[in-house]
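Enquirer: I'm passing along structure23.pdb; it holds PDB, C-alpha atoms and all ligand atoms.
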ATOM      1  CA  MET A   1       0.000   0.000   0.000  1.00  0.00           C
ATOM      2  CA  ALA A   2       1.211   3.518  -0.744  1.00  0.00           C
ATOM      3  CA  LYS A   3       2.624   5.320   2.245  1.00  0.00           C
ATOM      4  CA  ARG A   4       0.563   8.196   3.574  1.00  0.00           C
ATOM      5  CA  ILE A   5       2.781  11.255   3.669  1.00  0.00           C
ATOM      6  CA  LEU A   6       2.375  14.561   5.481  1.00  0.00           C
ATOM      7  CA  ILE A   7       4.584  17.606   5.019  1.00  0.00           C
ATOM      8  CA  ALA A   8       4.084  19.726   8.158  1.00  0.00           C
ATOM      9  CA  TYR A   9       6.090  22.917   8.386  1.00  0.00           C
ATOM     10  CA  PHE A  10       6.453  26.231  10.151  1.00  0.00           C
ATOM     11  CA  SER A  11       7.853  29.228   8.315  1.00  0.00           C
ATOM     12  CA  HIS A  12       8.070  32.818   9.516  1.00  0.00           C
ATOM     13  CA  GLY A  13       8.068  34.541   6.164  1.00  0.00           C
ATOM     14  CA  GLY A  14       8.425  38.043   7.597  1.00  0.00           C
ATOM     15  CA  GLU A  15      11.592  40.129   7.753  1.00  0.00           C
ATOM     16  CA  ASN A  16      14.749  38.072   7.841  1.00  0.00           C
ATOM     17  CA  LEU A  17      18.474  38.640   7.701  1.00  0.00           C
ATOM     18  CA  ILE A  18      19.774  37.253   4.416  1.00  0.00           C
ATOM     19  CA  ASP A  19      23.414  37.926   3.483  1.00  0.00           C
ATOM     20  CA  ASP A  20      23.558  40.667   6.143  1.00  0.00           C
ATOM     21  CA  GLN A  21      20.515  42.484   4.780  1.00  0.00           C
ATOM     22  CA  ILE A  22      17.037  42.748   6.278  1.00  0.00           C
ATOM     23  CA  ILE A  23      14.600  41.486   3.641  1.00  0.00           C
ATOM     24  CA  ASP A  24      10.819  41.098   4.002  1.00  0.00           C
ATOM     25  CA  LEU A  25       9.987  37.638   2.654  1.00  0.00           C
ATOM     26  CA  LYS A  26       6.325  38.716   2.397  1.00  0.00           C
ATOM     27  CA  GLY A  27       4.780  35.410   3.401  1.00  0.00           C
ATOM     28  CA  GLN A  28       7.090  33.363   1.171  1.00  0.00           C
ATOM     29  CA  GLY A  29       9.419  32.146   3.871  1.00  0.00           C
ATOM     30  CA  ASN A  30      12.337  29.851   3.082  1.00  0.00           C
ATOM     31  CA  THR A  31      10.838  26.819   4.796  1.00  0.00           C
ATOM     32  CA  LYS A  32       7.543  27.322   2.980  1.00  0.00           C
ATOM     33  CA  ILE A  33       9.480  27.402  -0.309  1.00  0.00           C
ATOM     34  CA  ALA A  34      11.284  24.175   0.660  1.00  0.00           C
ATOM     35  CA  ALA A  35       8.027  22.461   1.738  1.00  0.00           C
ATOM     36  CA  THR A  36       6.329  23.407  -1.537  1.00  0.00           C
ATOM     37  CA  ALA A  37       9.324  22.214  -3.566  1.00  0.00           C
ATOM     38  CA  LEU A  38       9.203  18.906  -1.682  1.00  0.00           C
ATOM     39  CA  SER A  39       5.502  18.387  -2.429  1.00  0.00           C
ATOM     40  CA  GLU A  40       6.131  19.220  -6.109  1.00  0.00           C
ATOM     41  CA  ALA A  41       9.086  16.820  -6.313  1.00  0.00           C
ATOM     42  CA  LEU A  42       6.972  14.037  -4.798  1.00  0.00           C
ATOM     43  CA  ALA A  43       4.059  14.812  -7.149  1.00  0.00           C
ATOM     44  CA  LYS A  44       6.441  14.465 -10.121  1.00  0.00           C
ATOM     45  CA  ARG A  45       7.139  10.943  -8.903  1.00  0.00           C
ATOM     46  CA  ASN A  46       3.395  10.291  -8.551  1.00  0.00           C
ATOM     47  CA  ILE A  47       3.716  10.265  -4.770  1.00  0.00           C
ATOM     48  CA  LYS A  48       0.915  12.043  -2.966  1.00  0.00           C
ATOM     49  CA  ALA A  49       1.699  14.171   0.079  1.00  0.00           C
ATOM     50  CA  ASN A  50      -0.430  16.651   2.006  1.00  0.00           C
ATOM     51  CA  LEU A  51       0.984  20.025   3.040  1.00  0.00           C
ATOM     52  CA  PHE A  52       0.107  21.453   6.439  1.00  0.00           C
ATOM     53  CA  GLU A  53       1.305  24.816   7.718  1.00  0.00           C
ATOM     54  CA  ILE A  54       1.841  25.013  11.483  1.00  0.00           C
ATOM     55  CA  GLU A  55       0.713  28.460  12.629  1.00  0.00           C
ATOM     56  CA  PRO A  56       0.860  29.963  16.104  1.00  0.00           C
ATOM     57  CA  LEU A  57      -2.520  31.438  17.114  1.00  0.00           C
ATOM     58  CA  ILE A  58      -0.682  34.686  17.866  1.00  0.00           C
ATOM     59  CA  PRO A  59       1.391  35.207  14.697  1.00  0.00           C
ATOM     60  CA  TYR A  60       4.966  36.429  14.898  1.00  0.00           C
ATOM     61  CA  PRO A  61       5.437  40.093  13.990  1.00  0.00           C
ATOM     62  CA  THR A  62       6.807  40.913  10.536  1.00  0.00           C
ATOM     63  CA  SER A  63       9.668  42.824  12.181  1.00  0.00           C
ATOM     64  CA  TYR A  64      12.926  40.862  12.391  1.00  0.00           C
ATOM     65  CA  SER A  65      13.996  42.417  15.699  1.00  0.00           C
ATOM     66  CA  GLU A  66      10.584  41.866  17.325  1.00  0.00           C
ATOM     67  CA  THR A  67      10.550  38.250  16.125  1.00  0.00           C
ATOM     68  CA  LEU A  68      14.035  37.754  17.535  1.00  0.00           C
ATOM     69  CA  ALA A  69      12.879  39.157  20.877  1.00  0.00           C
ATOM     70  CA  ARG A  70       9.735  37.008  21.138  1.00  0.00           C
ATOM     71  CA  SER A  71      11.427  33.822  19.936  1.00  0.00           C
ATOM     72  CA  LYS A  72      14.362  34.350  22.312  1.00  0.00           C
ATOM     73  CA  GLU A  73      11.972  34.601  25.230  1.00  0.00           C
ATOM     74  CA  GLU A  74      10.155  31.433  24.082  1.00  0.00           C
ATOM     75  CA  TYR A  75      13.467  29.634  23.652  1.00  0.00           C
ATOM     76  CA  GLU A  76      14.690  30.649  27.088  1.00  0.00           C
ATOM     77  CA  ASN A  77      11.398  29.699  28.773  1.00  0.00           C
ATOM     78  CA  GLY A  78      10.909  26.508  26.743  1.00  0.00           C
ATOM     79  CA  SER A  79       7.407  27.740  25.862  1.00  0.00           C
ATOM     80  CA  ALA A  80       5.069  25.964  23.491  1.00  0.00           C
ATOM     81  CA  PRO A  81       2.574  28.542  22.168  1.00  0.00           C
ATOM     82  CA  LEU A  82      -0.952  27.594  21.089  1.00  0.00           C
ATOM     83  CA  ILE A  83      -1.055  26.584  17.434  1.00  0.00           C
ATOM     84  CA  ASN A  84      -3.753  25.820  14.854  1.00  0.00           C
ATOM     85  CA  ASP A  85      -5.569  22.475  15.001  1.00  0.00           C
ATOM     86  CA  GLY A  86      -4.890  19.753  12.530  1.00  0.00           C
ATOM     87  CA  PRO A  87      -4.144  18.318  10.171  1.00  0.00           C
ATOM     88  CA  ASN A  88      -7.280  16.188   9.915  1.00  0.00           C
ATOM     89  CA  GLY A  89      -6.668  12.465  10.088  1.00  0.00           C
ATOM     90  CA  PHE A  90      -3.162  12.820  11.546  1.00  0.00           C
ATOM     91  CA  GLU A  91      -3.355   9.247  12.910  1.00  0.00           C
ATOM     92  CA  ALA A  92      -3.366   7.802   9.369  1.00  0.00           C
ATOM     93  CA  TYR A  93       0.002   9.213   8.240  1.00  0.00           C
ATOM     94  CA  ASP A  94       3.044   6.935   8.023  1.00  0.00           C
ATOM     95  CA  ILE A  95       5.676   9.558   7.179  1.00  0.00           C
ATOM     96  CA  VAL A  96       5.782  13.078   8.590  1.00  0.00           C
ATOM     97  CA  PHE A  97       8.233  15.451   6.922  1.00  0.00           C
ATOM     98  CA  LEU A  98       8.758  18.158   9.539  1.00  0.00           C
ATOM     99  CA  GLY A  99      10.094  21.450   8.197  1.00  0.00           C
ATOM    100  CA  TYR A 100      11.281  24.456  10.179  1.00  0.00           C
ATOM    101  CA  PRO A 101      13.810  27.289  10.229  1.00  0.00           C
ATOM    102  CA  ASN A 102      16.680  26.900  12.674  1.00  0.00           C
ATOM    103  CA  TRP A 103      15.822  29.389  15.426  1.00  0.00           C
ATOM    104  CA  TRP A 104      18.327  29.882  18.215  1.00  0.00           C
ATOM    105  CA  GLY A 105      20.085  26.704  17.190  1.00  0.00           C
ATOM    106  CA  THR A 106      17.000  24.535  17.549  1.00  0.00           C
ATOM    107  CA  ILE A 107      13.322  24.167  16.569  1.00  0.00           C
ATOM    108  CA  PRO A 108      11.026  27.217  16.727  1.00  0.00           C
ATOM    109  CA  ALA A 109       8.495  27.086  19.584  1.00  0.00           C
ATOM    110  CA  PRO A 110       5.494  26.278  17.308  1.00  0.00           C
ATOM    111  CA  ILE A 111       7.276  23.046  16.273  1.00  0.00           C
ATOM    112  CA  LEU A 112       7.614  22.152  19.943  1.00  0.00           C
ATOM    113  CA  SER A 113       3.841  22.669  20.265  1.00  0.00           C
ATOM    114  CA  PHE A 114       3.166  20.490  17.201  1.00  0.00           C
ATOM    115  CA  LEU A 115       5.305  17.663  18.599  1.00  0.00           C
ATOM    116  CA  ARG A 116       3.511  17.844  21.944  1.00  0.00           C
ATOM    117  CA  ASP A 117       0.032  18.024  20.373  1.00  0.00           C
ATOM    118  CA  HIS A 118       0.374  14.763  18.407  1.00  0.00           C
ATOM    119  CA  ASP A 119       1.180  11.115  18.989  1.00  0.00           C
ATOM    120  CA  PHE A 120       3.995   9.983  16.694  1.00  0.00           C
ATOM    121  CA  GLU A 121       4.059   6.316  17.654  1.00  0.00           C
ATOM    122  CA  GLY A 122       4.631   4.164  14.570  1.00  0.00           C
ATOM    123  CA  LYS A 123       5.359   7.177  12.353  1.00  0.00           C
ATOM    124  CA  THR A 124       8.630   8.164  10.758  1.00  0.00           C
ATOM    125  CA  ILE A 125       9.668  11.795  11.176  1.00  0.00           C
ATOM    126  CA  VAL A 126      11.881  13.189   8.409  1.00  0.00           C
ATOM    127  CA  PRO A 127      13.151  16.598   9.579  1.00  0.00           C
ATOM    128  CA  PHE A 128      14.180  19.288   7.126  1.00  0.00           C
ATOM    129  CA  VAL A 129      15.631  22.632   8.083  1.00  0.00           C
ATOM    130  CA  THR A 130      16.402  25.966   6.489  1.00  0.00           C
ATOM    131  CA  HIS A 131      19.107  27.901   8.284  1.00  0.00           C
ATOM    132  CA  GLY A 132      21.559  30.767   8.393  1.00  0.00           C
ATOM    133  CA  GLY A 133      24.629  28.536   8.586  1.00  0.00           C
ATOM    134  CA  GLN A 134      24.106  26.297  11.600  1.00  0.00           C
ATOM    135  CA  ILE A 135      22.228  23.528   9.767  1.00  0.00           C
ATOM    136  CA  PHE A 136      20.255  21.287  12.208  1.00  0.00           C
ATOM    137  CA  LEU A 137      22.437  22.088  15.227  1.00  0.00           C
ATOM    138  CA  TYR A 138      20.495  21.031  18.375  1.00  0.00           C
ATOM    139  CA  SER A 139      17.122  20.623  16.671  1.00  0.00           C
ATOM    140  CA  LEU A 140      17.348  16.883  16.005  1.00  0.00           C
ATOM    141  CA  GLU A 141      17.963  15.935  19.605  1.00  0.00           C
ATOM    142  CA  THR A 142      15.098  18.171  20.721  1.00  0.00           C
ATOM    143  CA  ILE A 143      12.705  16.545  18.234  1.00  0.00           C
ATOM    144  CA  GLN A 144      13.771  13.069  19.348  1.00  0.00           C
ATOM    145  CA  LYS A 145      13.285  13.993  22.983  1.00  0.00           C
ATOM    146  CA  GLU A 146       9.801  15.413  22.301  1.00  0.00           C
ATOM    147  CA  ALA A 147       8.641  12.525  20.087  1.00  0.00           C
ATOM    148  CA  PRO A 148      10.331   9.534  21.718  1.00  0.00           C
ATOM    149  CA  ARG A 149       8.026   6.975  20.095  1.00  0.00           C
ATOM    150  CA  ALA A 150       8.674   8.069  16.517  1.00  0.00           C
ATOM    151  CA  ASN A 151      11.166   6.567  14.100  1.00  0.00           C
ATOM    152  CA  PHE A 152      13.586   8.998  12.501  1.00  0.00           C
ATOM    153  CA  ALA A 153      15.084   9.299   9.051  1.00  0.00           C
ATOM    154  CA  LYS A 154      17.829  11.665   7.988  1.00  0.00           C
ATOM    155  CA  GLY A 155      16.317  14.655   6.243  1.00  0.00           C
ATOM    156  CA  PHE A 156      17.856  17.554   4.359  1.00  0.00           C
ATOM    157  CA  ALA A 157      19.043  21.078   5.060  1.00  0.00           C
ATOM    158  CA  ILE A 158      19.049  24.188   2.898  1.00  0.00           C
ATOM    159  CA  ALA A 159      20.984  27.365   3.711  1.00  0.00           C
ATOM    160  CA  ALA A 160      18.827  30.497   3.482  1.00  0.00           C
ATOM    161  CA  PRO A 161      20.867  32.303   0.765  1.00  0.00           C
ATOM    162  CA  TYR A 162      20.600  29.192  -1.449  1.00  0.00           C
ATOM    163  CA  ILE A 163      16.876  28.600  -1.062  1.00  0.00           C
ATOM    164  CA  ASN A 164      16.491  28.701  -4.859  1.00  0.00           C
ATOM    165  CA  ALA A 165      18.478  25.468  -4.950  1.00  0.00           C
ATOM    166  CA  ALA A 166      15.744  23.699  -2.934  1.00  0.00           C
ATOM    167  CA  PRO A 167      14.481  21.615  -5.915  1.00  0.00           C
ATOM    168  CA  TYR A 168      18.019  20.285  -6.548  1.00  0.00           C
ATOM    169  CA  VAL A 169      18.734  19.462  -2.899  1.00  0.00           C
ATOM    170  CA  ILE A 170      15.382  17.692  -2.649  1.00  0.00           C
ATOM    171  CA  GLU A 171      15.873  15.758  -5.892  1.00  0.00           C
ATOM    172  CA  GLU A 172      19.231  14.510  -4.643  1.00  0.00           C
ATOM    173  CA  TRP A 173      17.735  13.569  -1.279  1.00  0.00           C
ATOM    174  CA  LEU A 174      14.857  11.691  -2.974  1.00  0.00           C
ATOM    175  CA  ASN A 175      17.261   9.813  -5.239  1.00  0.00           C
ATOM    176  CA  GLU A 176      19.227   8.652  -2.206  1.00  0.00           C
ATOM    177  CA  ASN A 177      16.219   7.923   0.023  1.00  0.00           C
ATOM    178  CA  LYS A 178      13.586   6.482  -2.301  1.00  0.00           C
ATOM    179  CA  GLU A 179      12.725   3.706   0.143  1.00  0.00           C
ATOM    180  CA  ILE A 180      11.410   6.216   2.692  1.00  0.00           C
ATOM    181  CA  VAL A 181       8.667   7.550   0.440  1.00  0.00           C
ATOM    182  CA  GLU A 182       7.900   4.641  -1.898  1.00  0.00           C
TER     183      GLU A 182
HETATM  184  C1  LIG A 201      14.264  34.469  15.190  1.00  0.00           C
HETATM  185  C2  LIG A 201      15.315  33.864  14.303  1.00  0.00           C
HETATM  186  C3  LIG A 201      16.349  33.119  14.852  1.00  0.00           C
HETATM  187  C4  LIG A 201      17.302  32.506  14.013  1.00  0.00           C
HETATM  188  N1  LIG A 201      18.284  31.756  14.582  1.00  0.00           N
HETATM  189  C5  LIG A 201      19.169  31.112  13.778  1.00  0.00           C
HETATM  190  C6  LIG A 201      20.186  30.288  14.349  1.00  0.00           C
HETATM  191  O1  LIG A 201      20.320  30.157  15.571  1.00  0.00           O
HETATM  192  N2  LIG A 201      21.041  29.645  13.489  1.00  0.00           N
HETATM  193  C7  LIG A 201      20.945  29.761  12.120  1.00  0.00           C
HETATM  194  O2  LIG A 201      21.722  29.145  11.387  1.00  0.00           O
HETATM  195  N3  LIG A 201      19.979  30.548  11.544  1.00  0.00           N
HETATM  196  C8  LIG A 201      19.107  31.230  12.349  1.00  0.00           C
HETATM  197  N4  LIG A 201      18.127  32.017  11.780  1.00  0.00           N
HETATM  198  C9  LIG A 201      18.032  32.098  10.303  1.00  0.00           C
HETATM  199  C10 LIG A 201      16.886  31.217   9.780  1.00  0.00           C
HETATM  200  O3  LIG A 201      17.032  29.877  10.213  1.00  0.00           O
HETATM  201  C11 LIG A 201      16.811  31.200   8.243  1.00  0.00           C
HETATM  202  O4  LIG A 201      16.814  32.498   7.718  1.00  0.00           O
HETATM  203  C12 LIG A 201      15.585  30.432   7.744  1.00  0.00           C
HETATM  204  O5  LIG A 201      15.792  30.055   6.397  1.00  0.00           O
HETATM  205  C13 LIG A 201      14.286  31.214   7.859  1.00  0.00           C
HETATM  206  O6  LIG A 201      13.213  30.410   7.393  1.00  0.00           O
HETATM  207  P1  LIG A 201      11.731  30.982   7.173  1.00  0.00           P
HETATM  208  O7  LIG A 201      11.822  32.053   6.111  1.00  0.00           O
HETATM  209  O8  LIG A 201      10.976  29.786   6.682  1.00  0.00           O
HETATM  210  O9  LIG A 201      11.223  31.464   8.480  1.00  0.00           O
HETATM  211  C14 LIG A 201      17.206  32.666  12.592  1.00  0.00           C
HETATM  212  C15 LIG A 201      16.187  33.468  12.059  1.00  0.00           C
HETATM  213  C16 LIG A 201      15.255  34.073  12.904  1.00  0.00           C
HETATM  214  C17 LIG A 201      14.165  34.932  12.296  1.00  0.00           C
END
Could you take the file, read its structure, and then write that structure out as structure tokens?
Expert:
Amino acid sequence: MAKRILIAYFSHGGENLIDDQIIDLKGQGNTKIAATALSEALAKRNIKANLFEIEPLIPYPTSYSETLARSKEEYENGSAPLINDGPNGFEAYDIVFLGYPNWWGTIPAPILSFLRDHDFEGKTIVPFVTHGGQIFLYSLETIQKEAPRANFAKGFAIAAPYINAAPYVIEEWLNENKEIVE
């Protein structure tokens, strides 16, 4: 039977520091771009996957400095803010691609909330990260700690200034990891 695949991701998509410049990503955040490229790459292989955007009920400000301030506080307090419900039928998924930007060296707080809101027993989590140079850093161990009953597969990472290369990185990953999605 075909595997049931979810691509769940959080992406800020507001102002960000790219190559030392503040740029407003206007809702098209790097992780959203990577998640969309992943769903398109799977569709090209006739593999169905559902996209789900993880959204905090109180959105992050567009401002880079204000987002840094709020996320730093969340990171330091280990907070897990309220997020949107869903996706529907979460129990039925076999593979959960989990996409996020590296924030403060680890997962953003809404990803922590998503991990705590769902039961991952029997599912395989495939993490993918977009980052400013630190790749996954501490995020993998945090995910494993928060979802101890999940299986894990090695995902992929894309550096923010090279987000346009997402389709190539993903194609290479799919070629090397066919057995995870087929
Ligand atoms: C609040 C905040 C904290 C960040 N912390 C890190 C970090 O610790 N290490 C790193 O490599 N990049 C860091 N970055 C850069 C982001 O990981 C990177 O720009 C990412 O691609 C943004 O994805 P998005 O557009 O989907 O939100 C940070 C960005 C923000 C806004």
Enquirer: Report, in Å to a single decimal, how far apart atom C1 of ligand LIG 201 (chain A) and atom CA of Pro61 of chain A are.
Expert: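 The value is 10.5 Å.
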Enquirer: Measuring between only C-alpha atoms, which one of A:Ile22, A:Leu174, A:Leu68, A:Ala157 shows the shortest distance to Ile135 of chain A?
Expert: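 Of A:Ile22, A:Leu174, A:Leu68, A:Ala157, the one nearest Ile135 of chain A is A:Ala157, counting only C-alpha atoms.
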Enquirer: On this structure, which residues satisfy the PyMOL selection byres (((chain A and resi 62) around 7) and not hetatm), written as a ChimeraX atom specification?
Expert: /A:14-15,60-61,63-64
Enquirer: Show me which residues line ligand LIG 201 (chain A), defined as having an atom within 9 Å of a ligand atom where only C-alpha atoms and all ligand atoms count, and present them as a ChimeraX atom specification.
Expert: /A:9-18,25,27-34,64-72,99-106,108,129-137,158-161,163
Enquirer: Could you pull the residues within 8 Å of Ile143 of chain A, counting all atoms listed in the file, minus those fewer than 3 positions along the same chain, as a PyMOL selection string?
Expert: chain A and resi 107+112+115+139-140+146-147
Enquirer: Near Arg116 of chain A, counting all atoms listed in the file, which residues have an atom at most 12 Å away, once you skip same-chain residues fewer than 6 positions from it, shown as a PyMOL selection string?
Expert: chain A and resi 79-83+109-110+142-149
Enquirer: For Lys123 of chain A, please output as number ranges by chain all residues within 9 Å (counting all atoms listed in the file; exclusion window: fewer than 3 positions along the same chain).
Expert: A: 91, 93-96, 119-120, 149-152
Enquirer: Rounded to one decimal, what separation in Å do you get between atom CA of Ala166 of chain A and atom CA of Arg4 of chain A?
Expert: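 Computing it gives 22.7 Å between the two atoms.
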